[in-house]
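S.K.: File follows, data.txt with compact mmCIF, C-alpha atoms and all ligand atoms:
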```
# COMPACT_ATOMS: atom_id res chain seq x y z
CA MET A 1 63.45 22.78 -153.59
CA LYS A 2 60.51 20.87 -155.04
CA ILE A 3 61.42 18.90 -158.11
CA ASN A 4 59.69 16.33 -160.27
CA PHE A 5 61.23 13.89 -162.67
CA ILE A 6 60.71 10.49 -164.18
CA LEU A 7 62.44 7.68 -162.34
CA ASN A 8 62.19 4.33 -164.09
CA ASP A 9 58.88 5.19 -165.73
CA ASN A 10 57.33 6.61 -162.54
CA ILE A 11 56.83 10.27 -161.82
CA VAL A 12 58.61 11.36 -158.66
CA ASN A 13 57.75 14.53 -156.75
CA ILE A 14 60.19 15.30 -154.01
CA ASP A 15 61.34 18.20 -151.87
CA ILE A 16 65.13 18.01 -151.86
CA ARG A 17 68.24 20.09 -151.31
CA PRO A 18 69.16 20.92 -154.93
CA ASP A 19 72.90 20.42 -154.49
CA LYS A 20 72.47 16.93 -153.07
CA PRO A 21 74.09 14.42 -155.45
CA LEU A 22 71.56 12.44 -157.49
CA LEU A 23 73.34 9.31 -156.22
CA ARG A 24 72.54 10.15 -152.59
CA MET A 25 68.97 11.14 -153.38
CA LEU A 26 68.41 7.82 -155.16
CA ARG A 27 69.86 5.76 -152.32
CA GLU A 28 68.77 7.72 -149.27
CA ASP A 29 65.47 9.25 -150.30
CA LEU A 30 64.13 6.95 -153.00
CA GLY A 31 65.33 3.49 -151.94
CA ILE A 32 67.23 2.77 -155.16
CA LYS A 33 70.12 0.62 -153.99
CA SER A 34 71.63 -0.59 -157.29
CA VAL A 35 73.57 2.66 -157.51
CA LYS A 36 76.64 2.49 -155.32
CA GLU A 37 78.90 5.17 -153.93
CA GLY A 38 82.51 4.27 -154.62
CA CYS A 39 84.53 7.44 -154.94
CA GLY A 40 81.84 10.11 -154.96
CA ARG A 41 83.97 12.14 -157.35
CA GLY A 42 83.26 10.88 -160.84
CA GLU A 43 86.13 8.43 -161.10
CA CYS A 44 84.79 4.93 -160.47
CA GLY A 45 81.42 4.60 -162.24
CA SER A 46 79.79 2.47 -159.54
CA CYS A 47 77.05 5.14 -159.44
CA THR A 48 76.31 5.04 -163.19
CA VAL A 49 72.71 5.82 -164.21
CA LEU A 50 71.07 7.02 -167.41
CA VAL A 51 69.92 10.63 -167.48
CA ASP A 52 67.82 11.24 -170.59
CA ASN A 53 69.21 7.91 -171.84
CA LYS A 54 72.87 8.89 -171.52
CA PRO A 55 75.16 7.17 -169.01
CA VAL A 56 76.53 9.56 -166.39
CA ALA A 57 78.15 9.40 -162.97
CA SER A 58 75.21 10.19 -160.67
CA CYS A 59 77.53 11.48 -157.94
CA MET A 60 78.34 14.41 -160.27
CA VAL A 61 74.73 15.43 -160.89
CA PRO A 62 73.07 17.81 -158.41
CA ALA A 63 69.48 16.76 -157.71
CA GLY A 64 68.20 20.17 -158.89
CA GLN A 65 69.39 19.39 -162.40
CA VAL A 66 67.24 16.27 -162.89
CA HIS A 67 64.04 18.30 -162.47
CA THR A 68 61.83 17.42 -165.51
CA ARG A 69 64.38 14.89 -166.78
CA LYS A 70 64.31 11.12 -167.08
CA VAL A 71 66.49 9.01 -164.79
CA THR A 72 66.92 5.29 -165.37
CA THR A 73 68.65 2.87 -163.02
CA LEU A 74 69.16 -0.86 -163.28
CA GLU A 75 65.86 -1.37 -161.42
CA GLY A 76 64.04 0.33 -164.30
CA LEU A 77 65.71 -1.83 -166.93
CA GLU A 78 64.83 -5.11 -165.26
CA SER A 79 61.99 -5.79 -167.66
CA SER A 80 64.12 -5.06 -170.72
CA GLY A 81 65.35 -8.07 -172.66
CA GLU A 82 68.81 -6.58 -173.06
CA ILE A 83 69.51 -6.39 -169.34
CA LYS A 84 68.51 -10.01 -168.89
CA GLN A 85 70.98 -11.02 -171.61
CA ILE A 86 73.72 -8.84 -170.12
CA GLN A 87 73.08 -10.34 -166.69
CA ASP A 88 73.26 -13.90 -168.05
CA ALA A 89 76.47 -13.10 -169.91
CA PHE A 90 78.05 -11.61 -166.74
CA VAL A 91 77.17 -14.74 -164.78
CA LYS A 92 78.28 -17.08 -167.53
CA SER A 93 81.63 -15.30 -168.00
CA GLY A 94 82.46 -15.06 -164.31
CA ALA A 95 82.48 -11.26 -164.57
CA VAL A 96 81.11 -10.75 -161.05
CA GLN A 97 83.11 -11.19 -157.87
CA CYS A 98 82.09 -8.87 -155.04
CA GLY A 99 79.53 -7.26 -157.35
CA PHE A 100 79.93 -3.70 -156.14
CA CYS A 101 80.89 -2.42 -159.59
CA THR A 102 78.47 -4.64 -161.52
CA PRO A 103 75.39 -2.37 -161.79
CA GLY A 104 77.57 0.44 -163.16
CA PHE A 105 79.24 -1.83 -165.71
CA MET A 106 75.85 -3.20 -166.74
CA ILE A 107 74.44 0.27 -167.41
CA SER A 108 77.52 1.24 -169.44
CA ALA A 109 77.24 -2.05 -171.35
CA TYR A 110 73.52 -1.52 -171.92
CA SER A 111 74.14 1.96 -173.27
CA LEU A 112 76.88 0.68 -175.60
CA LEU A 113 74.92 -2.31 -176.90
CA THR A 114 71.69 -0.43 -177.58
CA GLY A 115 73.64 1.89 -179.90
CA ASN A 116 76.20 -0.57 -181.25
CA PRO A 117 75.03 -4.19 -181.30
CA ASN A 118 78.32 -5.56 -182.60
CA PRO A 119 81.18 -3.71 -180.86
CA GLU A 120 84.91 -4.40 -181.20
CA ARG A 121 86.75 -5.28 -178.00
CA GLU A 122 88.44 -1.86 -178.13
CA GLU A 123 85.02 -0.18 -178.29
CA ILE A 124 83.88 -2.17 -175.29
CA ARG A 125 86.98 -1.10 -173.37
CA ALA A 126 86.34 2.54 -174.26
CA ALA A 127 82.68 2.29 -173.26
CA VAL A 128 83.52 1.02 -169.77
CA SER A 129 86.63 3.16 -169.29
CA GLY A 130 84.81 5.18 -166.63
CA ASN A 131 83.98 2.07 -164.59
CA VAL A 132 86.45 0.67 -162.11
CA CYS A 133 86.50 -2.93 -160.85
CA ARG A 134 88.84 -3.84 -158.03
CA CYS A 135 88.21 -7.61 -158.25
CA THR A 136 88.01 -9.11 -161.71
CA GLY A 137 90.87 -7.54 -163.63
CA TYR A 138 88.46 -6.50 -166.41
CA THR A 139 89.15 -9.31 -168.91
CA LYS A 140 86.10 -11.29 -167.85
CA ILE A 141 83.94 -8.17 -167.92
CA ILE A 142 85.01 -7.40 -171.49
CA ASP A 143 84.36 -11.07 -172.35
CA ALA A 144 80.92 -10.81 -170.76
CA ILE A 145 79.94 -7.74 -172.76
CA GLU A 146 81.12 -9.42 -175.95
CA LEU A 147 79.02 -12.46 -175.07
CA ALA A 148 76.05 -10.26 -174.16
CA ALA A 149 76.23 -8.66 -177.60
CA GLU A 150 76.03 -12.10 -179.11
CA TYR A 151 73.07 -13.11 -176.86
CA ILE A 152 71.19 -9.92 -177.73
CA ARG A 153 71.75 -10.34 -181.49
CA ARG A 154 70.47 -13.89 -181.28
CA PHE A 155 67.53 -12.92 -179.06
CA LYS A 156 66.33 -10.23 -181.49
CA MET B 1 70.84 27.03 -149.95
CA ASP B 2 70.13 29.48 -152.75
CA TYR B 3 69.64 27.72 -156.08
CA ILE B 4 68.82 30.09 -158.91
CA ILE B 5 67.47 28.93 -162.26
CA PRO B 6 67.69 32.00 -164.47
CA GLY B 7 65.37 32.30 -167.46
CA SER B 8 68.05 33.83 -169.67
CA VAL B 9 71.70 34.87 -169.62
CA ARG B 10 70.57 38.47 -169.34
CA GLU B 11 68.86 37.83 -165.99
CA ILE B 12 71.88 36.31 -164.26
CA LYS B 13 73.37 39.54 -163.01
CA LYS B 14 70.05 40.79 -161.70
CA GLU B 15 69.42 37.52 -159.84
CA LEU B 16 72.87 37.60 -158.28
CA GLY B 17 73.07 41.27 -157.43
CA THR B 18 76.46 41.91 -155.92
CA ARG B 19 76.91 38.37 -154.60
CA PRO B 20 79.45 36.04 -156.21
CA GLY B 21 77.88 32.73 -157.26
CA TYR B 22 78.79 29.32 -158.58
CA PHE B 23 77.70 28.45 -162.10
CA ALA B 24 76.27 24.94 -162.35
CA ALA B 25 76.45 23.46 -165.86
CA GLY B 26 78.03 20.00 -166.16
CA CYS B 27 79.03 20.19 -162.45
CA THR B 28 81.93 17.75 -162.83
CA ASP B 29 84.27 20.17 -161.06
CA LEU B 30 81.70 21.85 -158.84
CA MET B 31 80.50 18.57 -157.28
CA VAL B 32 84.08 17.50 -156.52
CA LEU B 33 84.80 20.83 -154.82
CA LYS B 34 81.57 20.47 -152.87
CA LYS B 35 82.52 16.97 -151.75
CA GLU B 36 85.91 18.24 -150.63
CA GLY B 37 84.21 20.99 -148.64
CA GLN B 38 85.91 23.68 -150.71
CA LEU B 39 82.81 25.64 -151.62
CA GLU B 40 81.78 28.76 -149.81
CA ASP B 41 78.19 29.57 -148.96
CA ARG B 42 77.25 31.15 -152.27
CA PRO B 43 74.21 30.80 -154.49
CA TRP B 44 74.31 28.29 -157.31
CA ILE B 45 73.14 29.48 -160.71
CA ASP B 46 71.90 26.51 -162.70
CA ILE B 47 72.55 27.53 -166.30
CA SER B 48 72.19 23.99 -167.64
CA ARG B 49 68.79 24.65 -169.19
CA LEU B 50 69.54 27.84 -171.09
CA GLU B 51 68.79 27.12 -174.76
CA GLU B 52 70.79 30.14 -175.89
CA LEU B 53 73.97 28.42 -174.60
CA LYS B 54 73.38 25.26 -176.61
CA GLY B 55 74.13 24.23 -180.15
CA ILE B 56 77.04 23.85 -182.55
CA ARG B 57 76.69 25.53 -185.95
CA LEU B 58 78.40 27.45 -188.73
CA GLU B 59 77.79 31.18 -188.58
CA GLU B 60 79.50 34.06 -190.40
CA GLY B 61 82.62 32.13 -191.38
CA CYS B 62 82.99 30.67 -187.90
CA LEU B 63 82.19 27.47 -186.12
CA ARG B 64 80.07 28.58 -183.17
CA ILE B 65 80.09 26.26 -180.19
CA GLY B 66 77.62 27.07 -177.41
CA ALA B 67 79.10 27.00 -173.90
CA LEU B 68 76.90 24.07 -172.86
CA ALA B 69 78.24 21.74 -175.57
CA THR B 70 79.41 18.64 -173.74
CA MET B 71 82.67 16.83 -174.38
CA ALA B 72 80.70 13.91 -175.84
CA GLU B 73 78.91 16.24 -178.26
CA LEU B 74 82.16 17.92 -179.32
CA ALA B 75 83.88 14.59 -179.90
CA ALA B 76 81.04 13.29 -182.10
CA ASP B 77 79.95 16.43 -183.95
CA PRO B 78 80.70 16.30 -187.71
CA LEU B 79 81.26 20.08 -187.93
CA VAL B 80 83.75 20.04 -185.05
CA LYS B 81 85.55 17.04 -186.53
CA GLU B 82 85.82 18.81 -189.87
CA HIS B 83 86.72 22.36 -188.83
CA ALA B 84 88.34 21.86 -185.41
CA PRO B 85 89.70 18.31 -185.25
CA ALA B 86 92.01 19.32 -182.38
CA MET B 87 88.95 20.20 -180.29
CA ALA B 88 87.14 16.96 -181.16
CA ALA B 89 90.25 14.99 -180.19
CA ALA B 90 90.73 16.83 -176.89
CA ALA B 91 87.07 16.40 -175.96
CA GLY B 92 87.05 12.71 -176.84
CA GLN B 93 89.97 12.00 -174.50
CA MET B 94 88.76 13.91 -171.49
CA GLY B 95 87.66 12.06 -168.37
CA SER B 96 85.54 9.03 -169.21
CA PRO B 97 82.27 8.51 -171.10
CA LEU B 98 80.39 9.10 -167.83
CA ILE B 99 82.08 12.48 -167.45
CA ARG B 100 82.03 13.46 -171.12
CA ASN B 101 78.23 13.30 -171.14
CA LEU B 102 78.23 16.00 -168.45
CA ALA B 103 81.33 18.22 -168.72
CA THR B 104 80.94 21.30 -170.91
CA ILE B 105 83.35 23.39 -172.95
CA GLY B 106 82.20 26.50 -171.12
CA GLY B 107 83.09 24.92 -167.78
CA ASN B 108 86.47 23.65 -168.91
CA LEU B 109 87.42 27.10 -170.23
CA SER B 110 85.93 29.12 -167.37
CA ASN B 111 87.70 27.09 -164.71
CA SER B 112 90.92 28.05 -166.51
CA ASN B 113 92.85 25.23 -164.94
CA PRO B 114 96.28 25.16 -166.64
CA ALA B 115 95.72 21.44 -167.28
CA GLY B 116 92.32 22.03 -168.96
CA ASP B 117 92.55 20.45 -172.39
CA THR B 118 90.24 22.76 -174.33
CA ILE B 119 92.46 25.75 -173.52
CA PRO B 120 95.40 24.92 -175.82
CA CYS B 121 92.81 24.02 -178.49
CA VAL B 122 91.05 27.38 -178.51
CA ASN B 123 94.47 29.04 -178.59
CA ALA B 124 95.80 26.97 -181.49
CA LEU B 125 92.53 27.43 -183.39
CA ASP B 126 92.67 31.20 -182.85
CA ALA B 127 89.19 31.21 -181.36
CA VAL B 128 87.27 34.12 -179.94
CA LEU B 129 85.36 33.66 -176.69
CA VAL B 130 82.02 35.39 -176.37
CA LEU B 131 81.25 36.75 -172.90
CA GLN B 132 78.03 38.28 -171.69
CA LYS B 133 76.79 40.21 -168.69
CA GLU B 134 73.24 41.57 -168.81
CA ASN B 135 73.03 43.14 -172.29
CA ASP B 136 76.76 43.66 -172.68
CA ILE B 137 78.39 41.19 -175.02
CA ARG B 138 82.12 41.25 -175.61
CA GLU B 139 84.46 39.09 -177.61
CA VAL B 140 87.86 38.18 -176.19
CA PRO B 141 90.61 36.48 -178.18
CA ALA B 142 91.39 33.07 -176.68
CA HIS B 143 94.94 34.02 -175.72
CA GLU B 144 93.72 36.94 -173.62
CA PHE B 145 91.13 34.94 -171.68
CA CYS B 146 93.18 33.18 -168.99
CA THR B 147 95.25 35.50 -166.84
CA ALA B 148 96.79 33.14 -164.25
CA PRO B 149 96.19 29.57 -163.06
CA CYS B 150 92.42 29.26 -162.51
CA GLU B 151 91.88 32.95 -163.23
CA ASN B 152 90.44 34.71 -166.24
CA VAL B 153 88.95 37.97 -167.44
CA LEU B 154 85.35 37.09 -166.50
CA SER B 155 83.88 39.65 -164.12
CA GLN B 156 81.29 38.94 -161.43
CA GLY B 157 77.98 37.97 -163.00
CA GLU B 158 79.52 37.59 -166.46
CA ILE B 159 79.52 34.25 -168.27
CA LEU B 160 81.11 32.67 -171.30
CA THR B 161 78.30 32.01 -173.77
CA ALA B 162 80.06 30.64 -176.85
CA VAL B 163 83.32 29.89 -178.59
CA ARG B 164 83.79 31.09 -182.16
CA ILE B 165 86.43 29.29 -184.21
CA PRO B 166 87.29 30.80 -187.60
CA VAL B 167 86.81 28.32 -190.42
CA ARG B 168 90.07 28.28 -192.32
CA PRO B 169 92.00 25.86 -194.52
CA GLY B 170 94.57 23.74 -192.72
CA LYS B 171 94.75 20.93 -190.23
CA SER B 172 94.80 20.71 -186.47
CA ALA B 173 95.59 18.07 -183.90
CA PHE B 174 95.64 17.60 -180.14
CA ILE B 175 97.75 15.18 -178.17
CA LYS B 176 98.16 14.75 -174.45
CA LEU B 177 100.15 12.70 -172.06
CA GLY B 178 98.60 11.43 -168.87
CA PRO B 179 99.29 8.56 -166.49
CA ARG B 180 96.63 6.38 -168.17
CA ARG B 181 94.12 6.56 -170.94
CA ALA B 182 90.87 7.18 -169.06
CA LEU B 183 90.30 9.89 -166.46
CA ALA B 184 93.79 11.24 -166.79
CA ILE B 185 94.65 14.85 -166.07
CA SER B 186 97.20 16.08 -168.59
CA LYS B 187 100.85 16.21 -167.56
CA VAL B 188 101.62 17.82 -170.89
CA SER B 189 99.39 18.58 -173.84
CA LEU B 190 99.86 20.06 -177.30
CA ALA B 191 97.39 21.56 -179.75
CA VAL B 192 98.78 22.40 -183.17
CA ARG B 193 97.22 24.03 -186.20
CA TRP B 194 99.05 24.27 -189.49
CA VAL B 195 98.58 25.13 -193.15
CA ILE B 196 100.62 23.58 -195.94
CA GLU B 197 100.87 25.53 -199.20
CA LYS B 198 102.77 24.05 -202.16
CA GLY B 199 104.47 21.53 -199.90
CA LEU B 200 105.72 24.18 -197.46
CA ILE B 201 104.44 25.14 -194.03
CA GLU B 202 102.76 28.45 -194.62
CA ASP B 203 101.49 28.96 -191.13
CA ILE B 204 101.73 27.07 -187.84
CA ARG B 205 100.58 27.63 -184.27
CA ILE B 206 101.80 25.37 -181.50
CA CYS B 207 100.08 25.73 -178.12
CA MET B 208 101.32 23.95 -175.02
CA GLY B 209 99.05 23.07 -172.10
CA ALA B 210 99.90 22.13 -168.52
CA VAL B 211 103.49 23.34 -168.86
CA GLY B 212 103.17 26.87 -167.55
CA PRO B 213 100.90 29.08 -165.47
CA LYS B 214 98.76 29.43 -168.59
CA CYS B 215 98.66 28.08 -172.11
CA MET B 216 101.80 29.09 -173.99
CA ARG B 217 102.77 29.29 -177.64
CA ALA B 218 106.05 27.82 -178.83
CA ARG B 219 106.84 30.88 -180.92
CA ARG B 220 110.48 30.17 -181.71
CA THR B 221 109.66 26.63 -182.82
CA GLU B 222 106.82 27.99 -184.94
CA GLU B 223 109.17 30.54 -186.58
CA MET B 224 111.75 27.87 -187.27
CA MET B 225 109.17 25.61 -188.92
CA LYS B 226 107.47 28.28 -191.00
CA GLY B 227 108.41 28.13 -194.67
CA GLY B 228 110.02 24.73 -194.21
CA ARG B 229 109.08 21.43 -195.73
CA LEU B 230 107.21 19.19 -193.31
CA ASN B 231 109.47 16.16 -193.08
CA ALA B 232 111.13 14.00 -190.45
CA GLU B 233 114.21 16.19 -190.25
CA LEU B 234 112.27 19.41 -189.61
CA VAL B 235 110.06 17.72 -187.03
CA SER B 236 113.10 16.31 -185.27
CA ARG B 237 114.73 19.78 -185.12
CA ALA B 238 111.48 21.25 -183.80
CA SER B 239 111.10 18.54 -181.19
CA HIS B 240 114.52 19.44 -179.78
CA MET B 241 113.64 23.12 -179.56
CA ILE B 242 110.18 23.03 -178.09
CA GLY B 243 111.10 21.87 -174.57
CA ASN B 244 112.97 25.12 -173.94
CA GLU B 245 109.96 27.26 -174.70
CA ALA B 246 107.81 26.10 -171.82
CA CYS B 247 108.07 26.90 -168.13
CA PRO B 248 106.71 23.74 -166.55
CA ILE B 249 106.59 23.12 -162.85
CA ASP B 250 107.65 20.17 -160.75
CA ASP B 251 104.59 18.71 -159.13
CA PHE B 252 103.08 15.41 -158.09
CA ARG B 253 102.04 14.72 -161.68
CA SER B 254 105.49 15.08 -163.25
CA SER B 255 108.87 16.71 -162.98
CA GLU B 256 109.89 19.79 -164.91
CA THR B 257 112.58 17.97 -166.92
CA TYR B 258 110.22 15.17 -167.88
CA ARG B 259 107.60 17.61 -169.07
CA ARG B 260 110.14 19.49 -171.24
CA GLN B 261 111.29 16.27 -172.87
CA MET B 262 107.77 15.00 -173.44
CA LEU B 263 106.86 18.16 -175.37
CA GLY B 264 109.33 17.05 -178.03
CA VAL B 265 107.95 13.52 -178.04
CA LEU B 266 104.36 14.75 -178.38
CA LEU B 267 105.29 17.13 -181.19
CA LYS B 268 106.72 14.20 -183.15
CA ARG B 269 103.50 12.27 -182.56
CA VAL B 270 101.41 15.14 -183.97
CA PHE B 271 103.01 14.85 -187.42
S1 LIG C 1 80.76 7.15 -156.93
FE1 LIG C 1 80.25 8.21 -158.72
S2 LIG C 1 81.94 7.81 -160.00
FE2 LIG C 1 82.53 6.93 -158.13
S1 LIG C 2 83.47 -7.37 -158.83
FE1 LIG C 2 84.25 -6.42 -157.09
S2 LIG C 2 84.69 -4.42 -157.78
FE2 LIG C 2 84.12 -5.43 -159.58
```
Could you render the structure as structure tokens?

M.R.:
Amino acid sequence: MKINFILNDNIVNIDIRPDKPLLRMLREDLGIKSVKEGCGRGECGSCTVLVDNKPVASCMVPAGQVHTRKVTTLEGLESSGEIKQIQDAFVKSGAVQCGFCTPGFMISAYSLLTGNPNPEREEIRAAVSGNVCRCTGYTKIIDAIELAAEYIRRFK
Amino acid sequence: MDYIIPGSVREIKKELGTRPGYFAAGCTDLMVLKKEGQLEDRPWIDISRLEELKGIRLEEGCLRIGALATMAELAADPLVKEHAPAMAAAAGQMGSPLIRNLATIGGNLSNSNPAGDTIPCVNALDAVLVLQKENDIREVPAHEFCTAPCENVLSQGEILTAVRIPVRPGKSAFIKLGPRRALAISKVSLAVRWVIEKGLIEDIRICMGAVGPKCMRARRTEEMMKGGRLNAELVSRASHMIGNEACPIDDFRSSETYRRQMLGVLLKRVF
């Protein structure tokens, strides 16, 4: 099936099997490697992307459904000030070990902080409850997102 | 593969003919089944763009929820929070934020999994489910919709288009027990709707999820509570009764005995 959609501000036209997971299409057909396949069944969040600005597990989205929609991955946010602040806060807080989960956490954090610049710790926990990290034990990630919120408020 | 994007609900049957198909809306169950290799070679019908299935609004004394309403929308919608707080609570606890932005109420109901959390809600809230095939529209009371685990009254080519919840005075709540807070499939769940009149319980509906082949009402407990004063003693009596009204199974999620006992615990938490 021929589909077209916006990927990180560029129009993509592609002929693709419509039931192929968006995650696989991004990695295998479009060279977007920030999205990772952890579980492939909606439970780990390492494949998190924004579809029409909402964070979703891209392994759960059939490619046919993104036709005419807007898909944003970490690559597309690189130029945004917020992602830079989130990245700095992750590094500063020691929230990255192997890094496999990090892009997913960063997208969830980005989505939280653009809507809620001053979240409670509990709200941060809820916002990343679909993201799994097997290394850090989460505390440092929650710290990082709290710090990122502070950086972004100051930066604005 | 055959991937059909119908222009309207009415066209679905024509597009499918006599073939059975898979409806693709939020796809959070469909994509898992696909990954597990459990899908047969059937056409997919992508209904995710049908405007007529979207929207949450008040209409003729009912709260009308379109089948494509996502869990995130239900959890945040002011009308749902006001008129169907049990539904908003159930939706807000399902899966994770990454799933709630995809999963739809129509999908959760149509899969009719006994552990589906919207099912006890539509039962407690006395909802009517609107089904459509071609030009035929029928309304089915929530309690008649599911017929067995993962089975319901939908015929081939027919889809659930909306849920209508009567707007009535009273309160409702939903509580579930799972192994952890995020991404947990219910071991036991309870949706309760009640009306207090002059300090007494005038009406109450208690619906139990995940403790039987389909959603069940705790009728004896309801009868016992009706007319009583809602206080700790009554709730304690009710919480001892309710476990005997379910027929839970032993499975990898929980044992039968545990599920019976937890019904009582959850009922206490509701009030
Ligand atoms: S790979 Fe998508 S949620 Fe795990
Ligand atoms: S840093 Fe390794 S999984 Fe999170």

S.K.: Mind giving me the straight-line distance from atom CA of Val96 of chain A to atom CA of Ile141 of chain A in Å, one decimal?

M.R.: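 Between atom CA of Val96 of chain A and atom CA of Ile141 of chain A the gap is 7.9 Å.
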
S.K.: May I have the residues within 7 Å of ligand LIG 1 (chain C), computed using only C-alpha atoms and all ligand atoms, as a list in words?

M.R.: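 So, counting only C-alpha atoms and all ligand atoms, the residues near ligand LIG 1 (chain C) are Lys36, Glu37, Gly38, Cys39, Gly40, Arg41, Gly42, Glu43, Cys44, Gly45, Ser46, Cys47, Thr48, Ala57, Ser58, Cys59 and Met60 of chain A.
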
S.K.: Do you know which residues are within 10 Å of ligand LIG 2 (chain C) using all atoms listed in the file? Can you write them as a PyMOL selection string?

M.R.: chain A and resi 38+44+46+94-105+131-138+141

S.K.: So what do you get for atom CA of Lys54 of chain B versus atom CA of Lys2 of chain A, distance-wise?

M.R.: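 For atom CA of Lys54 of chain B relative to atom CA of Lys2 of chain A, the distance reads 25.5 Å.
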
S.K.: For chain B, report every residue with an atom at most 8 Å from chain A (counting all atoms listed in the file), formatted as an MDAnalysis selection string.

M.R.: chainID B and resid 1 3 26:28 31:32 35 46 48 95:99 101:102 182:183

S.K.: With C-alpha atoms retained, could you export that selection as a short mmCIF file (atom, residue, chain, number, x, y, z; two decimals), in the frame of the given file?

M.R.:
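So selection.cif came out as:
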```cif
data_model
loop_
_atom_site.label_atom_id
_atom_site.label_comp_id
_atom_site.auth_asym_id
_atom_site.auth_seq_id
_atom_site.Cartn_x
_atom_site.Cartn_y
_atom_site.Cartn_z
CA MET B 1 70.84 27.03 -149.95
CA TYR B 3 69.64 27.72 -156.08
CA GLY B 26 78.03 20.00 -166.16
CA CYS B 27 79.03 20.19 -162.45
CA THR B 28 81.93 17.75 -162.83
CA MET B 31 80.50 18.57 -157.28
CA VAL B 32 84.08 17.50 -156.52
CA LYS B 35 82.52 16.97 -151.75
CA ASP B 46 71.90 26.51 -162.70
CA SER B 48 72.19 23.99 -167.64
CA GLY B 95 87.66 12.06 -168.37
CA SER B 96 85.54 9.03 -169.21
CA PRO B 97 82.27 8.51 -171.10
CA LEU B 98 80.39 9.10 -167.83
CA ILE B 99 82.08 12.48 -167.45
CA ASN B 101 78.23 13.30 -171.14
CA LEU B 102 78.23 16.00 -168.45
CA ALA B 182 90.87 7.18 -169.06
CA LEU B 183 90.30 9.89 -166.46
#
```

S.K.: Counting all atoms listed in the file, figure out which residue out of A:Ser34, A:Asn4, A:Thr139, A:Asn13 gets nearest to Glu75 of chain A.

M.R.: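 Result for the nearest residue to Glu75 of chain A: A:Ser34.
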
S.K.: Taking 6 positions as the minimum chain separation for residues in the same chain, which residues sit within 9 Å of Val153 of chain B when counting only C-alpha atoms? Answer as JSON, numbers by chain.

M.R.: {"B": [140, 144, 145, 146, 147]}

S.K.: Hey, can you check how far atom CA of Ile249 of chain B sits from atom CA of Glu233 of chain B?

M.R.: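 Computed distance, atom CA of Ile249 of chain B to atom CA of Glu233 of chain B, equals 29.3 Å.
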
S.K.: Could you list as a PyMOL selection string every residue that has an atom within 12 Å of (83.2, 23.5, -152.8), using the file's coordinates and counting only C-alpha atoms?

M.R.: (chain A and resi 19) or (chain B and resi 21-24+27-44)

S.K.: Mind writing the picked residues with C-alpha atoms as a PDB file, keeping the file's coordinate frame?

M.R.:
```
ATOM      1  CA  ASP A  19      72.900  20.420-154.490  1.00  0.00           C
TER       2      ASP A  19
ATOM      3  CA  GLY B  21      77.880  32.730-157.260  1.00  0.00           C
ATOM      4  CA  TYR B  22      78.790  29.320-158.580  1.00  0.00           C
ATOM      5  CA  PHE B  23      77.700  28.450-162.100  1.00  0.00           C
ATOM      6  CA  ALA B  24      76.270  24.940-162.350  1.00  0.00           C
ATOM      7  CA  CYS B  27      79.030  20.190-162.450  1.00  0.00           C
ATOM      8  CA  THR B  28      81.930  17.750-162.830  1.00  0.00           C
ATOM      9  CA  ASP B  29      84.270  20.170-161.060  1.00  0.00           C
ATOM     10  CA  LEU B  30      81.700  21.850-158.840  1.00  0.00           C
ATOM     11  CA  MET B  31      80.500  18.570-157.280  1.00  0.00           C
ATOM     12  CA  VAL B  32      84.080  17.500-156.520  1.00  0.00           C
ATOM     13  CA  LEU B  33      84.800  20.830-154.820  1.00  0.00           C
ATOM     14  CA  LYS B  34      81.570  20.470-152.870  1.00  0.00           C
ATOM     15  CA  LYS B  35      82.520  16.970-151.750  1.00  0.00           C
ATOM     16  CA  GLU B  36      85.910  18.240-150.630  1.00  0.00           C
ATOM     17  CA  GLY B  37      84.210  20.990-148.640  1.00  0.00           C
ATOM     18  CA  GLN B  38      85.910  23.680-150.710  1.00  0.00           C
ATOM     19  CA  LEU B  39      82.810  25.640-151.620  1.00  0.00           C
ATOM     20  CA  GLU B  40      81.780  28.760-149.810  1.00  0.00           C
ATOM     21  CA  ASP B  41      78.190  29.570-148.960  1.00  0.00           C
ATOM     22  CA  ARG B  42      77.250  31.150-152.270  1.00  0.00           C
ATOM     23  CA  PRO B  43      74.210  30.800-154.490  1.00  0.00           C
ATOM     24  CA  TRP B  44      74.310  28.290-157.310  1.00  0.00           C
TER      25      TRP B  44
END
```

S.K.: List every protein, DNA or RNA residue that has an atom no more than 10 Å from (63.5, 14.7, -165.9) in the file's coordinate frame, counting only C-alpha atoms, and report them as number ranges by chain.

M.R.: A: 3-7, 11-12, 51-52, 65-71

S.K.: Excluding same-chain residues fewer than 5 positions from Ala142 of chain B, what lies within 12 Å of it counting only C-alpha atoms, as a count of residues only?

M.R.: 30

S.K.: Fewer than 5 positions away in the same chain doesn't count, so skip those; otherwise give me all residues within 12 Å of Arg217 of chain B, counting all atoms listed in the file, as number ranges by chain.

M.R.: B: 119-126, 143, 189-193, 204-212, 222-223, 242-247

S.K.: For a quick check of understanding, using only C-alpha atoms, which of B:Glu151, B:Glu256, B:Glu52, B:Glu60 has the smallest distance to Lys187 of chain B?

M.R.: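 Result for the nearest residue to Lys187 of chain B: B:Glu256.
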
S.K.: Which is closer to Leu230 of chain B than all the others in B:Pro213, B:Gly178, B:Glu158, B:Ile201, using all atoms listed in the file?

M.R.: B:Ile201
